[in-house]
$ cat start.csv   # CSV, C-alpha atoms
chain,number,residue,atom,x,y,z
N,18,MET,CA,118.9,93.9,125.0
N,19,ASN,CA,117.4,92.7,121.7
N,20,TYR,CA,116.2,95.4,119.3
N,21,LEU,CA,113.6,95.0,116.6
N,22,THR,CA,113.6,98.1,114.4
N,23,VAL,CA,112.0,99.3,111.2
N,24,ASP,CA,114.9,99.7,108.8
N,25,ILE,CA,114.2,103.4,108.1
N,26,TYR,CA,114.2,104.2,111.8
N,27,ASP,CA,117.8,105.3,112.0
N,28,GLN,CA,117.6,107.0,108.6
N,29,PHE,CA,114.9,109.4,109.6
N,30,GLN,CA,115.7,113.1,109.7
N,31,CYS,CA,113.2,115.9,110.3
N,32,ILE,CA,112.8,118.2,107.2
N,33,ALA,CA,111.8,121.2,109.4
N,34,ASP,CA,110.4,124.1,107.3
N,35,ARG,CA,110.0,121.9,104.3
N,36,CYS,CA,107.4,119.7,106.0
N,37,PRO,CA,103.9,120.0,104.5
N,38,ASN,CA,102.2,119.0,107.7
N,39,THR,CA,104.4,120.1,110.6
N,40,CYS,CA,103.9,118.5,114.0
N,41,CYS,CA,104.2,121.9,115.6
N,42,THR,CA,100.6,122.8,114.6
N,43,ASN,CA,97.2,121.5,115.4
N,44,TRP,CA,98.6,119.2,118.2
N,45,THR,CA,99.0,119.2,121.9
N,46,ILE,CA,102.7,119.1,122.7
N,47,LEU,CA,103.6,117.8,126.2
N,48,MET,CA,106.8,119.0,127.9
N,49,ASP,CA,108.9,117.4,130.7
N,50,ASP,CA,109.7,119.3,133.9
N,51,ALA,CA,113.4,119.6,133.1
N,52,THR,CA,112.8,121.3,129.8
N,53,CYS,CA,110.2,123.6,131.3
N,54,GLN,CA,112.8,124.8,133.8
N,55,LYS,CA,115.2,125.5,130.9
N,56,MET,CA,112.5,127.5,129.1
N,57,ILE,CA,112.1,129.6,132.3
N,58,GLU,CA,115.9,130.2,132.6
N,59,HIS,CA,116.1,131.3,128.9
N,60,GLU,CA,113.1,133.6,128.7
N,61,ASN,CA,115.2,136.5,127.5
N,62,GLU,CA,116.7,134.6,124.5
N,63,LEU,CA,113.2,133.3,123.5
N,64,GLU,CA,111.7,136.8,124.1
N,65,ILE,CA,108.6,135.3,125.8
N,66,ARG,CA,107.8,134.4,129.4
N,67,ALA,CA,107.4,130.7,130.0
N,68,LYS,CA,104.1,131.2,131.8
N,69,ASP,CA,102.7,132.8,128.6
N,70,TRP,CA,103.1,129.7,126.5
N,71,LEU,CA,103.4,126.8,128.9
N,72,VAL,CA,100.5,125.6,131.1
N,73,LYS,CA,100.5,123.0,133.9
N,74,GLU,CA,97.3,121.1,134.7
N,75,ASN,CA,97.1,118.1,137.0
N,76,GLY,CA,100.8,117.8,137.0
N,77,VAL,CA,101.1,117.7,133.2
N,78,ILE,CA,102.9,120.5,131.3
N,79,SER,CA,101.8,121.3,127.8
N,80,VAL,CA,102.4,124.0,125.2
N,81,LYS,CA,99.6,126.6,124.9
N,82,ASN,CA,99.1,126.9,121.2
N,83,LYS,CA,98.3,130.2,119.5
N,84,ASN,CA,96.1,129.9,116.4
N,85,ASN,CA,96.8,126.2,116.5
N,86,ARG,CA,100.5,126.8,116.2
N,87,CYS,CA,103.3,126.3,118.8
N,88,PRO,CA,104.4,129.8,120.0
N,89,MET,CA,108.0,128.7,119.3
N,90,LEU,CA,107.2,128.2,115.6
N,91,THR,CA,108.3,131.0,113.4
N,92,GLU,CA,106.5,132.3,110.3
N,93,ASN,CA,108.9,130.2,108.2
N,94,ASN,CA,108.0,127.0,110.2
N,95,LEU,CA,111.3,126.9,112.1
N,96,CYS,CA,111.7,126.3,115.8
N,97,LYS,CA,112.9,129.3,117.9
N,98,VAL,CA,114.2,126.9,120.6
N,99,VAL,CA,116.5,125.3,118.0
N,100,LEU,CA,117.5,128.6,116.4
N,101,ARG,CA,118.3,130.5,119.6
N,102,LEU,CA,119.3,127.8,122.1
N,103,GLY,CA,120.1,124.7,120.1
N,104,PRO,CA,118.4,121.2,119.5
N,105,GLN,CA,119.7,120.0,122.9
N,106,TYR,CA,117.1,122.3,124.5
N,107,LEU,CA,114.1,120.5,122.9
N,108,CYS,CA,111.7,118.7,125.1
N,109,ASP,CA,111.5,114.9,125.0
N,110,THR,CA,108.4,115.0,122.7
N,111,CYS,CA,109.9,117.2,120.1
N,112,ARG,CA,113.3,115.5,120.2
N,113,THR,CA,112.0,112.0,119.7
N,114,TYR,CA,108.9,112.4,117.4
N,115,PRO,CA,108.1,110.5,115.2
N,116,ARG,CA,110.2,107.8,116.8
N,117,MET,CA,108.5,105.5,119.3
N,118,SER,CA,109.6,102.4,121.3
N,119,ARG,CA,108.1,99.8,123.6
N,120,GLN,CA,109.8,97.1,125.7
N,121,TYR,CA,108.7,93.4,126.1
N,122,GLY,CA,111.1,91.8,128.6
N,123,SER,CA,114.5,91.6,126.9
N,124,PHE,CA,113.1,92.9,123.6
N,125,MET,CA,112.8,96.6,122.6
N,126,GLU,CA,110.7,97.4,119.5
N,127,GLU,CA,111.4,100.8,117.7
N,128,TYR,CA,109.1,102.2,115.0
N,129,LEU,CA,108.0,105.5,113.4
N,130,LEU,CA,104.6,107.1,113.4
N,131,MET,CA,103.0,107.7,110.0
N,132,SER,CA,101.5,111.0,111.1
N,133,CYS,CA,104.8,112.4,109.9
N,134,PRO,CA,104.8,113.2,106.2
N,135,GLU,CA,108.6,112.5,105.9
N,136,VAL,CA,108.0,108.9,107.2
N,137,ILE,CA,105.4,108.5,104.5
N,138,HIS,CA,107.8,109.8,101.9
N,139,MET,CA,110.5,107.4,103.0
N,140,LEU,CA,108.0,104.5,102.7
N,141,MET,CA,107.0,105.6,99.2
N,142,GLN,CA,110.7,105.6,98.2
N,143,LYS,CA,111.5,102.1,99.4
N,144,GLU,CA,110.9,99.0,97.4
N,145,THR,CA,110.4,97.0,100.6
N,146,VAL,CA,110.6,97.8,104.3
N,147,ASP,CA,112.3,95.3,106.6
N,148,ILE,CA,112.3,94.7,110.4
N,149,LEU,CA,115.9,94.4,111.7
N,150,LEU,CA,117.0,92.4,114.7
N,151,THR,CA,120.1,93.6,116.6
N,152,ASN,CA,121.4,93.2,120.2
N,153,ASP,CA,124.0,94.6,122.6
N,154,HIS,CA,123.7,92.2,125.5
N,155,LEU,CA,121.0,89.7,126.5
N,156,ALA,CA,118.9,90.9,129.4
N,157,GLU,CA,117.0,88.3,131.3
N,158,GLY,CA,113.2,88.5,131.3
N,159,ASP,CA,110.2,86.5,132.5
N,160,PRO,CA,110.5,83.2,130.6
N,161,CYS,CA,106.7,82.8,130.3
N,162,PHE,CA,106.3,86.3,129.1
N,163,THR,CA,109.2,85.8,126.6
N,164,ASP,CA,107.6,82.6,125.2
N,165,LEU,CA,104.4,84.5,124.5
N,166,TYR,CA,106.2,87.4,122.9
N,167,LEU,CA,108.2,85.0,120.7
N,168,PHE,CA,105.0,83.3,119.6
N,169,GLU,CA,103.4,86.7,118.8
N,170,ALA,CA,106.5,87.9,117.0
N,171,ASN,CA,106.6,84.8,114.8
N,172,VAL,CA,102.9,85.2,113.9
N,173,ARG,CA,103.6,88.8,113.0
N,174,THR,CA,106.7,87.8,110.9
N,175,HIS,CA,104.6,85.3,109.0
N,176,ILE,CA,102.0,88.0,108.3
N,177,PHE,CA,104.8,90.2,106.9
N,178,GLN,CA,105.9,87.3,104.6
N,179,ILE,CA,102.3,87.1,103.3
N,180,LEU,CA,102.1,90.9,102.7
N,181,LYS,CA,105.4,90.8,100.8
N,182,TYR,CA,104.4,87.8,98.6
N,183,LYS,CA,104.1,88.7,94.9
N,184,GLN,CA,102.8,92.2,94.4
N,185,SER,CA,100.7,90.9,91.5
N,186,ILE,CA,98.5,89.3,94.2
N,187,SER,CA,95.9,91.9,95.4
N,188,LEU,CA,96.4,93.6,98.7
N,189,SER,CA,92.9,92.4,99.6
N,190,ALA,CA,93.9,88.8,99.2
N,191,ARG,CA,97.1,89.2,101.3
N,192,LEU,CA,95.3,91.0,104.1
N,193,PHE,CA,92.5,88.4,104.1
N,194,LEU,CA,95.1,85.7,104.6
N,195,ALA,CA,97.0,87.7,107.2
N,196,PHE,CA,93.7,88.1,109.2
N,197,THR,CA,93.0,84.3,109.0
N,198,VAL,CA,96.6,83.6,110.2
N,199,LEU,CA,95.9,85.8,113.3
N,200,ASN,CA,92.7,83.7,113.9
N,201,GLU,CA,94.7,80.5,113.7
N,202,ALA,CA,97.3,81.8,116.1
N,203,VAL,CA,94.6,82.7,118.6
N,204,GLN,CA,93.0,79.3,118.4
N,205,MET,CA,96.5,77.7,119.1
N,206,TYR,CA,96.9,80.0,122.1
N,207,GLN,CA,93.4,79.3,123.4
N,208,ASN,CA,94.0,75.5,123.1
N,209,GLY,CA,97.1,75.9,125.2
N,210,CYS,CA,99.6,75.0,122.5
N,211,PRO,CA,101.2,78.2,121.1
N,212,ASP,CA,104.2,76.9,119.1
N,213,SER,CA,106.6,79.7,118.0
N,214,GLY,CA,108.0,77.5,115.3
N,215,VAL,CA,104.8,76.6,113.5
N,216,PHE,CA,104.4,79.9,111.6
N,217,GLU,CA,108.1,80.3,111.1
N,218,LYS,CA,108.4,77.0,109.3
N,219,ASN,CA,105.0,76.7,107.6
N,220,CYS,CA,104.6,78.7,104.4
N,221,SER,CA,102.0,76.5,102.8
N,222,SER,CA,99.3,79.0,103.6
N,223,ILE,CA,101.0,81.5,101.3
N,224,GLN,CA,100.5,79.2,98.3
N,225,MET,CA,96.7,79.6,98.8
N,226,LEU,CA,96.8,83.3,97.8
N,227,PRO,CA,95.9,82.9,94.1
N,228,TYR,CA,92.9,80.8,95.1
N,229,ILE,CA,91.9,83.3,97.8
N,230,GLU,CA,92.1,86.1,95.3
N,231,LYS,CA,89.9,84.3,92.9
N,232,GLN,CA,87.2,83.7,95.6
N,233,LEU,CA,87.2,87.3,96.8
N,234,SER,CA,85.2,88.5,93.9
N,235,PHE,CA,82.2,86.9,95.5
N,236,ILE,CA,82.8,88.6,98.9
N,237,LEU,CA,83.6,92.2,98.1
N,238,ASN,CA,80.7,94.6,98.5
N,239,ASP,CA,81.1,98.1,97.0
N,240,VAL,CA,77.6,99.1,98.1
N,241,GLN,CA,78.2,98.5,101.8
N,242,ARG,CA,81.6,100.2,101.6
N,243,PHE,CA,80.0,103.2,99.9
N,244,ASP,CA,77.4,103.5,102.7
N,245,ILE,CA,79.8,102.9,105.6
N,246,ILE,CA,82.4,105.4,104.3
N,247,LYS,CA,79.7,108.0,103.6
N,248,GLN,CA,78.4,107.8,107.2
N,249,ALA,CA,81.9,107.7,108.7
N,250,LEU,CA,83.0,110.8,106.8
N,251,HIS,CA,80.1,112.8,108.4
N,252,ILE,CA,81.1,111.5,111.9
N,253,PHE,CA,84.7,112.4,111.2
N,254,TYR,CA,83.9,115.9,109.9
N,255,ASN,CA,81.7,116.7,112.9
N,256,ASP,CA,84.1,115.3,115.5
N,257,PHE,CA,87.4,116.6,114.2
N,258,THR,CA,88.5,120.1,113.3
N,259,PRO,CA,91.6,119.9,111.0
N,260,HIS,CA,93.3,122.8,109.4
N,261,LYS,CA,91.9,124.5,106.3
N,262,ARG,CA,93.5,122.5,103.5
N,263,PHE,CA,92.5,119.2,105.0
N,264,ASN,CA,89.1,120.5,105.8
N,265,GLU,CA,88.5,121.3,102.2
N,266,LEU,CA,89.5,117.7,101.1
N,267,ILE,CA,87.0,116.2,103.6
N,268,GLN,CA,84.3,118.6,102.4
N,269,ASN,CA,85.0,117.6,98.8
N,270,ALA,CA,84.7,113.9,99.7
N,271,ILE,CA,81.3,114.5,101.5
N,272,GLN,CA,80.1,116.4,98.5
N,273,TYR,CA,81.2,113.6,96.2
N,274,PHE,CA,79.2,111.0,98.2
N,275,ASN,CA,76.2,113.2,98.4
N,276,GLU,CA,76.1,113.9,94.6
N,277,ARG,CA,77.3,110.6,93.1
N,278,GLY,CA,75.6,107.3,93.1
N,279,ILE,CA,77.0,103.8,93.6
N,280,ASP,CA,77.4,103.1,89.9
N,281,GLN,CA,79.6,106.2,89.4
N,282,TYR,CA,81.5,105.3,92.6
N,283,LYS,CA,82.3,101.8,91.2
N,284,GLU,CA,83.4,103.3,87.9
N,285,ASP,CA,85.7,105.8,89.6
N,286,ILE,CA,87.2,103.1,91.8
N,287,GLN,CA,88.1,101.0,88.8
N,288,LYS,CA,89.8,104.0,87.1
N,289,PHE,CA,91.6,104.8,90.4
N,290,LYS,CA,92.9,101.2,90.7
N,291,GLU,CA,94.1,101.1,87.1
N,292,THR,CA,96.0,104.4,87.3
N,293,CYS,CA,97.0,105.5,90.8
N,294,CYS,CA,97.0,102.2,92.7
N,295,VAL,CA,99.3,100.4,90.3
N,296,SER,CA,102.2,102.8,91.0
N,297,PHE,CA,101.8,102.6,94.8
N,298,GLN,CA,101.7,98.8,95.3
N,299,ASN,CA,105.1,98.7,97.1
N,300,PHE,CA,104.1,101.6,99.3
N,301,TYR,CA,100.8,99.8,100.3
N,302,THR,CA,102.9,96.8,101.4
N,303,ASN,CA,105.3,99.0,103.4
N,304,TYR,CA,102.4,100.9,104.9
N,305,TRP,CA,100.7,97.8,106.2
N,306,ILE,CA,103.9,96.2,107.5
N,307,CYS,CA,104.7,99.4,109.5
N,308,HIS,CA,101.1,99.6,110.8
N,309,ILE,CA,101.1,96.0,112.0
N,310,PHE,CA,104.5,96.4,113.5
N,311,SER,CA,103.6,99.6,115.4
N,312,ASP,CA,100.2,98.6,116.5
N,313,LEU,CA,100.0,96.2,119.4
N,314,ILE,CA,98.7,92.8,118.1
N,315,SER,CA,98.0,90.9,121.2
N,316,ILE,CA,97.1,87.2,120.9
N,317,PRO,CA,95.5,86.9,124.4
N,318,ASP,CA,93.4,90.1,123.8
N,319,TYR,CA,92.0,88.9,120.5
N,320,GLN,CA,89.0,91.2,120.5
N,321,ARG,CA,91.2,94.2,120.6
N,322,SER,CA,93.5,92.8,118.0
N,323,LYS,CA,90.6,92.3,115.6
N,324,GLU,CA,89.5,95.8,116.2
N,325,ILE,CA,93.0,97.2,115.5
N,326,PHE,CA,93.1,95.2,112.3
N,327,ILE,CA,89.7,96.5,111.1
N,328,TYR,CA,90.5,100.0,112.4
N,329,ASP,CA,93.7,100.1,110.3
N,330,ALA,CA,91.6,99.0,107.3
N,331,VAL,CA,89.2,101.9,107.9
N,332,GLU,CA,92.0,104.4,108.2
N,333,PHE,CA,93.4,103.1,104.9
N,334,ALA,CA,89.9,103.3,103.3
N,335,PHE,CA,89.6,107.0,104.4
N,336,ILE,CA,93.0,107.7,102.8
N,337,GLN,CA,92.1,106.0,99.6
N,338,THR,CA,88.6,107.6,99.5
N,339,ILE,CA,89.9,111.2,99.9
N,340,SER,CA,92.6,110.5,97.3
N,341,LEU,CA,90.0,109.0,95.0
N,342,VAL,CA,87.9,112.1,95.2
N,343,SER,CA,91.0,114.3,94.6
N,344,TYR,CA,91.9,112.2,91.6
N,345,VAL,CA,88.4,112.4,90.2
N,346,ASN,CA,88.3,116.2,90.6
N,347,LYS,CA,91.8,116.9,89.3
N,348,GLY,CA,92.4,114.0,86.9
N,349,VAL,CA,95.7,113.2,88.7
N,350,LEU,CA,96.9,112.1,92.1
N,351,ASP,CA,99.8,114.2,93.3
N,352,LYS,CA,102.3,112.2,95.4
N,353,SER,CA,102.9,115.2,97.8
N,354,GLU,CA,99.2,115.6,98.4
N,355,TYR,CA,98.9,111.8,98.9
N,356,SER,CA,101.5,111.8,101.7
N,357,TYR,CA,99.8,114.9,103.2
N,358,VAL,CA,96.4,113.1,103.3
N,359,ILE,CA,98.0,110.0,104.9
N,360,SER,CA,99.8,112.0,107.6
N,361,CYS,CA,96.6,114.0,108.4
N,362,PHE,CA,94.5,110.8,108.8
N,363,ALA,CA,97.2,109.1,110.8
N,364,ARG,CA,97.4,112.1,113.2
N,365,ALA,CA,93.6,112.2,113.6
N,366,PHE,CA,93.3,108.5,114.1
N,367,GLU,CA,96.1,108.4,116.6
N,368,HIS,CA,94.5,111.0,118.9
N,369,ASN,CA,90.8,111.3,118.1
N,370,HIS,CA,89.4,108.7,120.6
N,371,SER,CA,85.8,110.0,120.3
N,372,PHE,CA,85.8,109.4,116.6
N,373,ARG,CA,87.4,106.0,117.0
N,374,SER,CA,84.7,105.0,119.5
N,375,GLN,CA,81.9,106.1,117.3
N,376,LEU,CA,83.4,104.4,114.2
N,377,MET,CA,83.9,101.1,116.0
N,378,GLU,CA,80.2,101.2,117.1
N,379,GLU,CA,79.2,101.6,113.5
N,380,ILE,CA,81.5,98.8,112.3
N,381,GLN,CA,80.2,96.4,115.0
N,382,LYS,CA,76.6,97.3,114.2
N,383,ASN,CA,77.3,96.2,110.6
N,384,ASN,CA,79.0,93.0,111.7
N,385,LEU,CA,82.3,94.0,110.0
N,386,ILE,CA,84.7,92.6,112.6
N,387,SER,CA,85.8,89.8,110.4
N,388,ALA,CA,88.2,89.1,107.5
N,389,ALA,CA,85.3,89.6,105.1
N,390,GLY,CA,84.5,92.9,106.8
N,391,LEU,CA,88.1,94.0,106.5
N,392,LEU,CA,88.0,93.6,102.8
N,393,MET,CA,84.9,95.8,102.3
N,394,PHE,CA,87.2,98.8,103.1
N,395,ILE,CA,90.2,98.0,100.9
N,396,ILE,CA,90.7,100.0,97.7
N,397,SER,CA,94.0,99.0,96.1
$ encode --input "start.csv" --output "structure tokens"
Amino acid sequence: MNYLTVDIYDQFQCIADRCPNTCCTNWTILMDDATCQKMIEHENELEIRAKDWLVKENGVISVKNKNNRCPMLTENNLCKVVLRLGPQYLCDTCRTYPRMSRQYGSFMEEYLLMSCPEVIHMLMQKETVDILLTNDHLAEGDPCFTDLYLFEANVRTHIFQILKYKQSISLSARLFLAFTVLNEAVQMYQNGCPDSGVFEKNCSSIQMLPYIEKQLSFILNDVQRFDIIKQALHIFYNDFTPHKRFNELIQNAIQYFNERGIDQYKEDIQKFKETCCVSFQNFYTNYWICHIFSDLISIPDYQRSKEIFIYDAVEFAFIQTISLVSYVNKGVLDKSEYSYVISCFARAFEHNHSFRSQLMEEIQKNNLISAAGLLMFIIS
């Protein structure tokens, strides 16, 4: 088997009670049958009957939260199962999160979800994140399927090269070029000539980045971004019920957009870019590499790939917007609060399908499924 892995994958360790946004709250936790049986057998040690905190509906077992908290979570945010029985008694969900994997023939991809604050912290600490390739033994897969996977993997690798190219080049320019590379790859596939070696060998497009950056000043539209984000914040607030701290940050952002005009917004963005964004440039690159690696970029299903790209941009815009408002209100952007905001939005975007559907309708209505549309959301 061949393994493609984010280089921080094996380094990750849960920080337990030190986590600012624990995965044991405000989330539905699924449990496998074997672990459920163990919880029944050890009711005395846990001091709670399994039927009082586990529920089975349509063959699916889940944890019945109390006040949005897992009943196994102590007041000090430690797990009773681990404390009283040991980590080997954790269910599959709790044992593996935030680690994820998926298999394509003889290739296994392993990545981390950014809804975990510690993952965000690790990405902030690294100068650059890499994708590692290892193998134990080669498993035979469908040759046709493997050829398509290798083509998609090489396209993705070329996108990573673009994102890593010279931090002095704006993130907007790098993402614009990455999106156009995806378009080129789709055209090759549709014309029946997907060549895995083309993007691996051809780096000439990267040399266009300074020119692209210069031209972007004529494309970016702060007014449209202001209007879309303002509408989307209301959709998000009405459709998602986060915990109190995050709720206050969303309310502050809504108040900001209601009270401030576009001119003040432009001025605040400029200050935000000159102060906060400069120190997070490496993180922005790491963030996008991990997002593109973890999200399924499918060349045959191009419409979905475009939507994923744009959707990731909108999530990033939400993160930057909430952080911008926090910076304006406090005069400083605290790194711990920044990672908290990112993990909250990642969690909401991963699971809030209703909001995602409404947001995509708004984006399509405004004709933003394009490279230019992508750029309207980026604040970096």
$ closest_residue --input "start.csv" --among "N:Thr163, N:Gln30, N:Thr292, N:Gln248" --to "Tyr121 in chain N" --atoms "only C-alpha atoms"
N:Thr163
$ closest_residue --input "start.csv" --among "N:Asp147, N:Glu127, N:Glu284, N:Glu230" --to "Lys181 in chain N" --atoms "all atoms listed in the file"
N:Asp147
$ atom_distance --input "start.csv" --atom1 "CA of Arg277 in chain N" --atom2 "CA of Tyr304 in chain N"
29.4 Å
$ atom_distance --input "start.csv" --atom1 "CA of Lys143 in chain N" --atom2 "CA of Tyr26 in chain N"
12.9 Å
$ closest_residue --input "start.csv" --among "N:Ala334, N:Leu226, N:Leu199, N:Leu341" --to "Ala270 in chain N" --atoms "only C-alpha atoms"
N:Leu341
$ atom_distance --input "start.csv" --atom1 "CA of Glu62 in chain N" --atom2 "CA of Thr110 in chain N"
21.4 Å
$ residues_around --input "start.csv" --residues "Leu47 in chain N" --least-positions-apart "4" --cutoff "7 Å" --atoms "only C-alpha atoms" --output "VMD selection string"
chain N and resid 78 to 80 110
$ closest_residue --input "start.csv" --among "N:Asn152, N:Gln105, N:Asn43, N:Asn303" --to "Phe177 in chain N" --atoms "all atoms listed in the file"
N:Asn303
$ residues_around --input "start.csv" --residues "range 316-325 of chain N" --least-positions-apart "3" --cutoff "7 Å" --atoms "only C-alpha atoms" --output "NGL selection string"
:N and (169 or 203 or 328-329 or 386)
$ closest_residue --input "start.csv" --among "N:Tyr228, N:Phe326, N:Trp44, N:Phe297" --to "Ser311 in chain N" --atoms "all atoms listed in the file"
N:Phe326
$ closest_residue --input "start.csv" --among "N:Glu92, N:Glu201, N:Glu332, N:Glu378" --to "Ser132 in chain N" --atoms "all atoms listed in the file"
N:Glu332
$ residues_near_point --input "start.csv" --point "(92.6, 121.2, 101.9)" --cutoff "12 Å" --atoms "all atoms listed in the file" --output "PyMOL selection string"
chain N and resi 37-38+259-270+339-340+343+354-355+357-358+361
$ residues_near_point --input "start.csv" --point "(75.2, 101.3, 104.1)" --cutoff "12 Å" --atoms "only C-alpha atoms" --output "PyMOL selection string"
chain N and resi 238-249+279+379-380+382-385+393
